[in-house]
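Undergrad: Sharing a structure below in structure tokens format, with a few things to ask.
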Amino acid sequence: MLITDLPAELFEEILLRCDPIEVAKIAQTCIAFRRIIYFSDDTKLWRDLYIAQPFDDPRQALSQDGRPVSTPIQWRRDLQRIIRARTVVEDVSLMRPGELESILQTLLMMVSNVPPWTDQDNLSDFSNNILWVAAFLRHGFIDKMEATKSSLTFAERQLLGRLHSLYGLTQADATRQSRINSRAFVYHMRNYRPENDYGPFLPNGAVNWEHVQTLHHVVSMHLVDLKEDEDFEFAIFPMSLPYTQIVVPKGVVLDKERDWAGVEGSWAVSFCFCDHRDLLRFNEESSETDLDTTLFEDPGFREVFRSLDVKLCITRTEHDPAHPTRPILYFFGQMEDPSTSTMTGMVQVTTDNQVKWHFVSGDQGNAIWSSAGVQVGGLRSSFGILGSWTTVFHDSDDPVGPFWLRKHIHTDASPPV
């Protein structure tokens, strides 16, 4: 009996034991197999082949802004995209000219469309997609692409910056020069203007992910002690990929939830700053495109990292015509002892469906600090909000720096390694 004589159902069962690359090779062996694999009216084979992979079931997934994945699901197209991305990540020499944008979009699709984490004490809710992407990216793909940044398009740089921000720290991030470059970008006052709301945003209101990535890097230096000559595969800490999964507690329906962004509760706000005299000298000696990084090259450069606890509550909401089920949220915060500062702000969805936070703060209600940032990862993710701070006056010599706002989670569980 020839294998071509097998019933189609049994043949398809055999295919489900194969890697998708092997399935493609089998389709090349004869017309009968090609017809079964590529030209069947039934999508069952490709659906079952997709589900057989170590991925999340997209039928159970939500986008980062809490929307169900659009249907009908294109099982064959999506699986082929993922396997192509896997192939390129494993061997970048196989990437075709102009293909990088598609590869980055596919990887972001994987980590952005995941099942919600409903109970953070239960690790069974953790996303397979996130684990899969983290496993493949840990061998240096992001660093290899960033080494070619000067030749990348604006869209490619934004996608790469977003993927890097979600992923966390790479081997190159541990190098002294990389740290110098990130600090130079973050503390360059010309990167904070009215048109970008003095934060990591583009003039059209969308997120500037290149800016977010540098903010991430500067803050991360104070959380993870990486040695330049020390090899590591993946640094797992609260600003890394495992912490980006969307969180939707059981019983919560986001489209009907007043506090859809999870604002209310206890938070920790961390921020970095350097000596104001050093900051001014750096900016005076730097031009728009030529940065004098001498300050950050000095082994004696000092950057301060501090954290405060604050309790936030929503004061009112406002209908957002562009996002009817995601009203604008206004909130108030009281810093915990020993600080006497308060915080007032708002949360809203951006033009590119990200979640923007903007708030002002100061001692005893005297607001002098202004901060703008973005939720990194899915709604309510434990990664939190990353952005930049300056003063409410926005004078040319105002101080600037990064901030990280993360909600306190009362759980003993942490994402799996």
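The way I read the labels, and the way they are meant: chains A, B, ... in the order of the structure tokens, residue 1 as the first residue of every chain, and ligand 1 as the first ligand shown, with later ones counted on from there.
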Write out, as JSON lines, each residue of segment 330-407 of chain A that has an atom at most 10 Å from segment 117-137 of chain A, together with the closest pair of atoms and their distance in Å to one decimal, counting only C-alpha atoms, rows going by chain and rising number.

TA:
{"residue": "A:Arg380", "atom": "CA", "partner": "A:Trp117", "partner_atom": "CA", "distance": 9.8}
{"residue": "A:Ser381", "atom": "CA", "partner": "A:Trp117", "partner_atom": "CA", "distance": 8.8}
{"residue": "A:Ser382", "atom": "CA", "partner": "A:Gln120", "partner_atom": "CA", "distance": 9.6}

Undergrad: Restricting it to C-alpha atoms, dump the selection as a short mmCIF file (atom, residue, chain, number, x, y, z; two decimals), in the first residue's frame.

TA:
data_model
loop_
_atom_site.label_atom_id
_atom_site.label_comp_id
_atom_site.auth_asym_id
_atom_site.auth_seq_id
_atom_site.Cartn_x
_atom_site.Cartn_y
_atom_site.Cartn_z
CA ARG A 380 -3.12 46.45 33.00
CA SER A 381 0.09 44.53 32.33
CA SER A 382 2.40 44.28 35.33
#

Undergrad: Within 7 Å of segment 14-28 of chain A, counting only C-alpha atoms, which residues show up once you throw out same-chain ones fewer than 2 positions away? Write them as a count of residues only, please.

TA: 9

Undergrad: So that I can see what lies close to Thr391 of chain A, please list as a VMD selection string the residues with an atom at most 12 Å from it, counting only C-alpha atoms and leaving out residues fewer than 6 positions away in the same chain.

TA: chain A and resid 192 198 to 199 359 to 362 366 to 372 397 to 401

Undergrad: Select from segment 186-277 of chain A every residue with an atom at most 12 Å from any atom of segment 68-74 of chain A, then for each give the shortest pair of atoms and their distance in Å to one decimal, using only C-alpha atoms, rows by chain and rising number, as CSV.

TA:
residue,atom,partner,partner_atom,distance
A:Val253,CA,A:Pro68,CA,11.8
A:Leu254,CA,A:Pro68,CA,11.1
A:Asp255,CA,A:Pro68,CA,11.2

Undergrad: Write to file, as an mmCIF file, in the first residue's frame, the residues of the selection just made, with N, CA, C and O atoms.

TA:
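Once everything was written out, this is part08.cif:
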data_model
loop_
_atom_site.group_PDB
_atom_site.id
_atom_site.type_symbol
_atom_site.label_atom_id
_atom_site.label_comp_id
_atom_site.auth_asym_id
_atom_site.auth_seq_id
_atom_site.Cartn_x
_atom_site.Cartn_y
_atom_site.Cartn_z
ATOM 1 N N VAL A 253 -15.421 42.813 32.393
ATOM 2 C CA VAL A 253 -15.682 43.004 30.966
ATOM 3 C C VAL A 253 -15.169 44.395 30.608
ATOM 4 O O VAL A 253 -15.772 45.404 30.992
ATOM 5 N N LEU A 254 -14.056 44.449 29.911
ATOM 6 C CA LEU A 254 -13.381 45.723 29.694
ATOM 7 C C LEU A 254 -14.276 46.765 29.027
ATOM 8 O O LEU A 254 -14.222 47.949 29.367
ATOM 9 N N ASP A 255 -15.104 46.337 28.077
ATOM 10 C CA ASP A 255 -15.945 47.295 27.357
ATOM 11 C C ASP A 255 -17.024 47.906 28.251
ATOM 12 O O ASP A 255 -17.623 48.918 27.892
#

Undergrad: Rank nothing, just name the residue among A:His222, A:Val212, A:Glu233, A:Phe201 nearest to His139 of chain A, using only C-alpha atoms.

TA: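 Looking at the shortest contact to His139 of chain A, the residue is A:Glu233.
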
Undergrad: In Å, rounded to a single decimal, give me how far atom CA of Cys313 of chain A is from atom CA of Thr342 of chain A.

TA: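 Separation of atom CA of Thr342 of chain A and atom CA of Cys313 of chain A: 11.7 Å.
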
Undergrad: Determine, using only C-alpha atoms, which residues of segment 165-232 of chain A have any atom at most 7 Å from an atom of segment 277-301 of chain A, and tabulate each with its shortest atom pair and distance in Å to one decimal place, rows ordered by chain and then rising number, as JSON lines.

TA:
{"residue": "A:Ile180", "atom": "CA", "partner": "A:Phe296", "partner_atom": "CA", "distance": 5.5}
{"residue": "A:Ala184", "atom": "CA", "partner": "A:Thr293", "partner_atom": "CA", "distance": 6.3}
{"residue": "A:Tyr187", "atom": "CA", "partner": "A:Leu279", "partner_atom": "CA", "distance": 7.0}
{"residue": "A:His188", "atom": "CA", "partner": "A:Asn283", "partner_atom": "CA", "distance": 6.2}
{"residue": "A:Met189", "atom": "CA", "partner": "A:Asn283", "partner_atom": "CA", "distance": 6.8}

Undergrad: To one decimal place in Å, what is the distance between atom CA of Gln53 of chain A and atom CA of Gln171 of chain A?

TA: 28.3 Å

Undergrad: List as number ranges by chain the protein and nucleic acid residues near segment 165-167 of chain A, meaning an atom at most 10 Å away when only C-alpha atoms are counted, but skip any in the same chain fewer than 2 places from it.

TA: A: 108, 111-112, 130, 133-134, 137-138, 142, 159-163, 169-170, 209-217, 234-236, 239-244, 376-377, 383, 386

Undergrad: Just the selected residues (N, CA and C atoms), exported as a short mmCIF file (atom, residue, chain, number, x, y, z; two decimals), in the first residue's frame, please.

TA:
data_model
loop_
_atom_site.label_atom_id
_atom_site.label_comp_id
_atom_site.auth_asym_id
_atom_site.auth_seq_id
_atom_site.Cartn_x
_atom_site.Cartn_y
_atom_site.Cartn_z
N LEU A 108 5.60 40.96 16.71
CA LEU A 108 4.75 41.81 17.55
C LEU A 108 3.32 41.28 17.60
N VAL A 111 3.28 38.51 20.32
CA VAL A 111 3.33 38.90 21.74
C VAL A 111 2.19 39.85 22.11
N SER A 112 1.52 40.41 21.11
CA SER A 112 0.43 41.36 21.38
C SER A 112 -0.93 40.70 21.46
N ILE A 130 4.27 34.40 24.30
CA ILE A 130 5.32 35.21 24.91
C ILE A 130 6.54 34.35 25.22
N VAL A 133 8.31 33.52 21.79
CA VAL A 133 9.07 34.63 21.21
C VAL A 133 10.31 34.93 22.04
N ALA A 134 10.18 34.90 23.36
CA ALA A 134 11.34 35.15 24.22
C ALA A 134 12.43 34.12 23.97
N LEU A 137 14.14 35.00 20.56
CA LEU A 137 14.84 36.28 20.49
C LEU A 137 16.09 36.32 21.36
N ARG A 138 16.24 35.38 22.27
CA ARG A 138 17.34 35.46 23.24
C ARG A 138 18.71 35.22 22.62
N ILE A 142 17.59 40.88 17.93
CA ILE A 142 17.37 42.32 18.09
C ILE A 142 18.69 43.09 17.94
N LEU A 159 9.18 49.75 14.70
CA LEU A 159 8.79 48.38 15.03
C LEU A 159 9.87 47.69 15.87
N LEU A 160 11.13 47.91 15.49
CA LEU A 160 12.24 47.32 16.23
C LEU A 160 12.31 47.90 17.64
N GLY A 161 12.10 49.22 17.76
CA GLY A 161 12.10 49.84 19.08
C GLY A 161 10.99 49.30 19.96
N ARG A 162 9.83 49.07 19.37
CA ARG A 162 8.72 48.52 20.14
C ARG A 162 9.03 47.10 20.60
N LEU A 163 9.55 46.27 19.71
CA LEU A 163 9.88 44.90 20.07
C LEU A 163 10.95 44.88 21.16
N LEU A 169 16.10 43.62 28.08
CA LEU A 169 17.52 43.89 27.86
C LEU A 169 18.17 42.83 26.97
N THR A 170 19.00 43.29 26.06
CA THR A 170 19.77 42.41 25.19
C THR A 170 21.24 42.43 25.60
N TRP A 209 8.41 54.67 19.62
CA TRP A 209 8.98 53.50 20.29
C TRP A 209 10.49 53.54 20.38
N GLU A 210 11.16 54.27 19.50
CA GLU A 210 12.60 54.44 19.65
C GLU A 210 12.90 55.19 20.94
N HIS A 211 12.09 56.19 21.23
CA HIS A 211 12.25 56.96 22.46
C HIS A 211 11.94 56.09 23.68
N VAL A 212 10.86 55.33 23.60
CA VAL A 212 10.48 54.45 24.72
C VAL A 212 11.61 53.48 25.04
N GLN A 213 12.24 52.95 24.01
CA GLN A 213 13.30 51.97 24.24
C GLN A 213 14.49 52.56 24.99
N THR A 214 14.84 53.81 24.68
CA THR A 214 15.95 54.43 25.40
C THR A 214 15.56 54.72 26.85
N LEU A 215 14.32 55.13 27.08
CA LEU A 215 13.84 55.32 28.45
C LEU A 215 13.91 54.01 29.23
N HIS A 216 13.47 52.95 28.57
CA HIS A 216 13.52 51.61 29.16
C HIS A 216 14.94 51.26 29.57
N HIS A 217 15.88 51.50 28.68
CA HIS A 217 17.27 51.13 28.93
C HIS A 217 17.84 51.89 30.13
N PHE A 234 18.75 35.67 28.71
CA PHE A 234 17.53 36.47 28.85
C PHE A 234 17.41 36.96 30.28
N ALA A 235 17.31 38.27 30.44
CA ALA A 235 17.16 38.86 31.77
C ALA A 235 15.67 38.99 32.08
N ILE A 236 15.21 38.23 33.05
CA ILE A 236 13.80 38.28 33.45
C ILE A 236 13.67 39.21 34.64
N MET A 239 10.52 44.62 33.82
CA MET A 239 10.43 45.38 32.58
C MET A 239 10.86 44.52 31.40
N SER A 240 10.47 43.26 31.42
CA SER A 240 10.82 42.34 30.34
C SER A 240 9.56 41.65 29.81
N LEU A 241 9.72 40.93 28.72
CA LEU A 241 8.59 40.38 27.97
C LEU A 241 7.59 39.58 28.80
N PRO A 242 8.02 38.74 29.74
CA PRO A 242 7.02 37.97 30.51
C PRO A 242 6.04 38.83 31.30
N TYR A 243 6.35 40.11 31.49
CA TYR A 243 5.48 40.98 32.28
C TYR A 243 4.57 41.85 31.41
N THR A 244 4.54 41.60 30.11
CA THR A 244 3.75 42.43 29.21
C THR A 244 2.36 41.88 28.92
N VAL A 376 3.20 49.88 28.61
CA VAL A 376 3.99 48.95 27.79
C VAL A 376 3.38 47.56 27.93
N GLY A 377 3.03 46.97 26.80
CA GLY A 377 2.37 45.67 26.82
C GLY A 377 0.86 45.83 26.81
N PHE A 383 4.00 45.15 33.69
CA PHE A 383 5.15 45.95 33.26
C PHE A 383 4.94 47.39 33.69
N LEU A 386 5.78 53.58 31.14
CA LEU A 386 7.13 54.10 30.96
C LEU A 386 7.05 55.43 30.23
#

Undergrad: Give me every alpha helix (DSSP H) residue in segment 191-362 of chain A, going by DSSP on the backbone, as a list of chain:residue names.

TA: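 Those residues are A:Trp209, A:Glu210, A:His211, A:Val212, A:Gln213, A:Thr214, A:Leu215, A:His216, A:His217, A:Val218, A:Val219, A:Ser220, A:His276, A:Arg277, A:Asp278, A:Leu279, A:Leu280, A:Arg281, A:Phe282, A:Asn283, A:Glu284, A:Thr294, A:Leu295, A:Phe296, A:Glu297.
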
Undergrad: Emit the selected residues as a PDB file, in the first residue's frame, including N, CA and C atoms.

TA:
ATOM      1  N   TRP A 209       8.410  54.668  19.617  1.00  0.00           N
ATOM      2  CA  TRP A 209       8.978  53.501  20.293  1.00  0.00           C
ATOM      3  C   TRP A 209      10.493  53.538  20.381  1.00  0.00           C
ATOM      4  N   GLU A 210      11.156  54.268  19.498  1.00  0.00           N
ATOM      5  CA  GLU A 210      12.602  54.444  19.650  1.00  0.00           C
ATOM      6  C   GLU A 210      12.900  55.186  20.944  1.00  0.00           C
ATOM      7  N   HIS A 211      12.086  56.192  21.234  1.00  0.00           N
ATOM      8  CA  HIS A 211      12.253  56.960  22.465  1.00  0.00           C
ATOM      9  C   HIS A 211      11.941  56.095  23.681  1.00  0.00           C
ATOM     10  N   VAL A 212      10.859  55.329  23.602  1.00  0.00           N
ATOM     11  CA  VAL A 212      10.484  54.452  24.719  1.00  0.00           C
ATOM     12  C   VAL A 212      11.612  53.479  25.037  1.00  0.00           C
ATOM     13  N   GLN A 213      12.243  52.951  24.005  1.00  0.00           N
ATOM     14  CA  GLN A 213      13.302  51.967  24.237  1.00  0.00           C
ATOM     15  C   GLN A 213      14.489  52.562  24.991  1.00  0.00           C
ATOM     16  N   THR A 214      14.843  53.807  24.679  1.00  0.00           N
ATOM     17  CA  THR A 214      15.954  54.428  25.402  1.00  0.00           C
ATOM     18  C   THR A 214      15.564  54.717  26.850  1.00  0.00           C
ATOM     19  N   LEU A 215      14.323  55.135  27.083  1.00  0.00           N
ATOM     20  CA  LEU A 215      13.839  55.324  28.454  1.00  0.00           C
ATOM     21  C   LEU A 215      13.908  54.010  29.227  1.00  0.00           C
ATOM     22  N   HIS A 216      13.474  52.955  28.567  1.00  0.00           N
ATOM     23  CA  HIS A 216      13.525  51.612  29.164  1.00  0.00           C
ATOM     24  C   HIS A 216      14.945  51.257  29.567  1.00  0.00           C
ATOM     25  N   HIS A 217      15.882  51.503  28.678  1.00  0.00           N
ATOM     26  CA  HIS A 217      17.273  51.134  28.931  1.00  0.00           C
ATOM     27  C   HIS A 217      17.837  51.893  30.126  1.00  0.00           C
ATOM     28  N   VAL A 218      17.569  53.197  30.199  1.00  0.00           N
ATOM     29  CA  VAL A 218      18.102  54.006  31.295  1.00  0.00           C
ATOM     30  C   VAL A 218      17.543  53.541  32.634  1.00  0.00           C
ATOM     31  N   VAL A 219      16.233  53.301  32.704  1.00  0.00           N
ATOM     32  CA  VAL A 219      15.641  52.834  33.958  1.00  0.00           C
ATOM     33  C   VAL A 219      16.157  51.440  34.312  1.00  0.00           C
ATOM     34  N   SER A 220      16.279  50.587  33.309  1.00  0.00           N
ATOM     35  CA  SER A 220      16.689  49.195  33.548  1.00  0.00           C
ATOM     36  C   SER A 220      18.070  49.087  34.162  1.00  0.00           C
ATOM     37  N   HIS A 276      21.554  68.954  37.639  1.00  0.00           N
ATOM     38  CA  HIS A 276      21.036  69.909  36.660  1.00  0.00           C
ATOM     39  C   HIS A 276      22.157  70.665  35.953  1.00  0.00           C
ATOM     40  N   ARG A 277      23.237  70.926  36.642  1.00  0.00           N
ATOM     41  CA  ARG A 277      24.369  71.614  36.008  1.00  0.00           C
ATOM     42  C   ARG A 277      24.996  70.735  34.928  1.00  0.00           C
ATOM     43  N   ASP A 278      25.101  69.450  35.200  1.00  0.00           N
ATOM     44  CA  ASP A 278      25.621  68.520  34.191  1.00  0.00           C
ATOM     45  C   ASP A 278      24.679  68.448  32.992  1.00  0.00           C
ATOM     46  N   LEU A 279      23.383  68.424  33.285  1.00  0.00           N
ATOM     47  CA  LEU A 279      22.380  68.345  32.219  1.00  0.00           C
ATOM     48  C   LEU A 279      22.479  69.557  31.293  1.00  0.00           C
ATOM     49  N   LEU A 280      22.594  70.737  31.866  1.00  0.00           N
ATOM     50  CA  LEU A 280      22.688  71.952  31.062  1.00  0.00           C
ATOM     51  C   LEU A 280      23.976  71.976  30.252  1.00  0.00           C
ATOM     52  N   ARG A 281      25.079  71.566  30.861  1.00  0.00           N
ATOM     53  CA  ARG A 281      26.354  71.559  30.143  1.00  0.00           C
ATOM     54  C   ARG A 281      26.311  70.598  28.956  1.00  0.00           C
ATOM     55  N   PHE A 282      25.726  69.419  29.167  1.00  0.00           N
ATOM     56  CA  PHE A 282      25.601  68.445  28.076  1.00  0.00           C
ATOM     57  C   PHE A 282      24.803  69.025  26.916  1.00  0.00           C
ATOM     58  N   ASN A 283      23.701  69.672  27.209  1.00  0.00           N
ATOM     59  CA  ASN A 283      22.852  70.212  26.153  1.00  0.00           C
ATOM     60  C   ASN A 283      23.452  71.440  25.492  1.00  0.00           C
ATOM     61  N   GLU A 284      24.198  72.240  26.245  1.00  0.00           N
ATOM     62  CA  GLU A 284      24.858  73.400  25.649  1.00  0.00           C
ATOM     63  C   GLU A 284      25.959  72.984  24.681  1.00  0.00           C
ATOM     64  N   THR A 294      30.578  63.259  26.376  1.00  0.00           N
ATOM     65  CA  THR A 294      31.670  63.233  27.358  1.00  0.00           C
ATOM     66  C   THR A 294      31.151  63.060  28.777  1.00  0.00           C
ATOM     67  N   LEU A 295      30.044  63.746  29.103  1.00  0.00           N
ATOM     68  CA  LEU A 295      29.476  63.667  30.452  1.00  0.00           C
ATOM     69  C   LEU A 295      29.185  62.228  30.851  1.00  0.00           C
ATOM     70  N   PHE A 296      28.568  61.467  29.938  1.00  0.00           N
ATOM     71  CA  PHE A 296      28.142  60.104  30.267  1.00  0.00           C
ATOM     72  C   PHE A 296      29.290  59.095  30.161  1.00  0.00           C
ATOM     73  N   GLU A 297      30.385  59.520  29.532  1.00  0.00           N
ATOM     74  CA  GLU A 297      31.572  58.662  29.450  1.00  0.00           C
ATOM     75  C   GLU A 297      32.409  58.743  30.720  1.00  0.00           C
TER      76      GLU A 297
END

Undergrad: Just to confirm, what's the straight-line distance from atom CA of Gln334 of chain A to atom CA of Asp309 of chain A in Å (one decimal)?

TA: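 So the two atoms, atom CA of Gln334 of chain A and atom CA of Asp309 of chain A, lie 8.6 Å apart.
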
Undergrad: So which residues of segment 321-381 of chain A fall under strand (DSSP E) by DSSP, listed as an MDAnalysis selection string?

TA: chainID A and resid 328:335 341:349 355:363 369:375

Undergrad: Which residue out of A:Arg302, A:Arg76, A:Lys144, A:Lys356 has the minimum interatomic distance to Ile328 of chain A when only C-alpha atoms are used?

TA: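 Closest residue, counting only C-alpha atoms: A:Lys356.
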
Undergrad: From the options A:Trp404, A:Phe141, A:Trp75, A:Trp46, which residue's atoms come nearest to Trp267 of chain A, counting only C-alpha atoms?

TA: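 Selected residue with least distance to Trp267 of chain A: A:Trp404.
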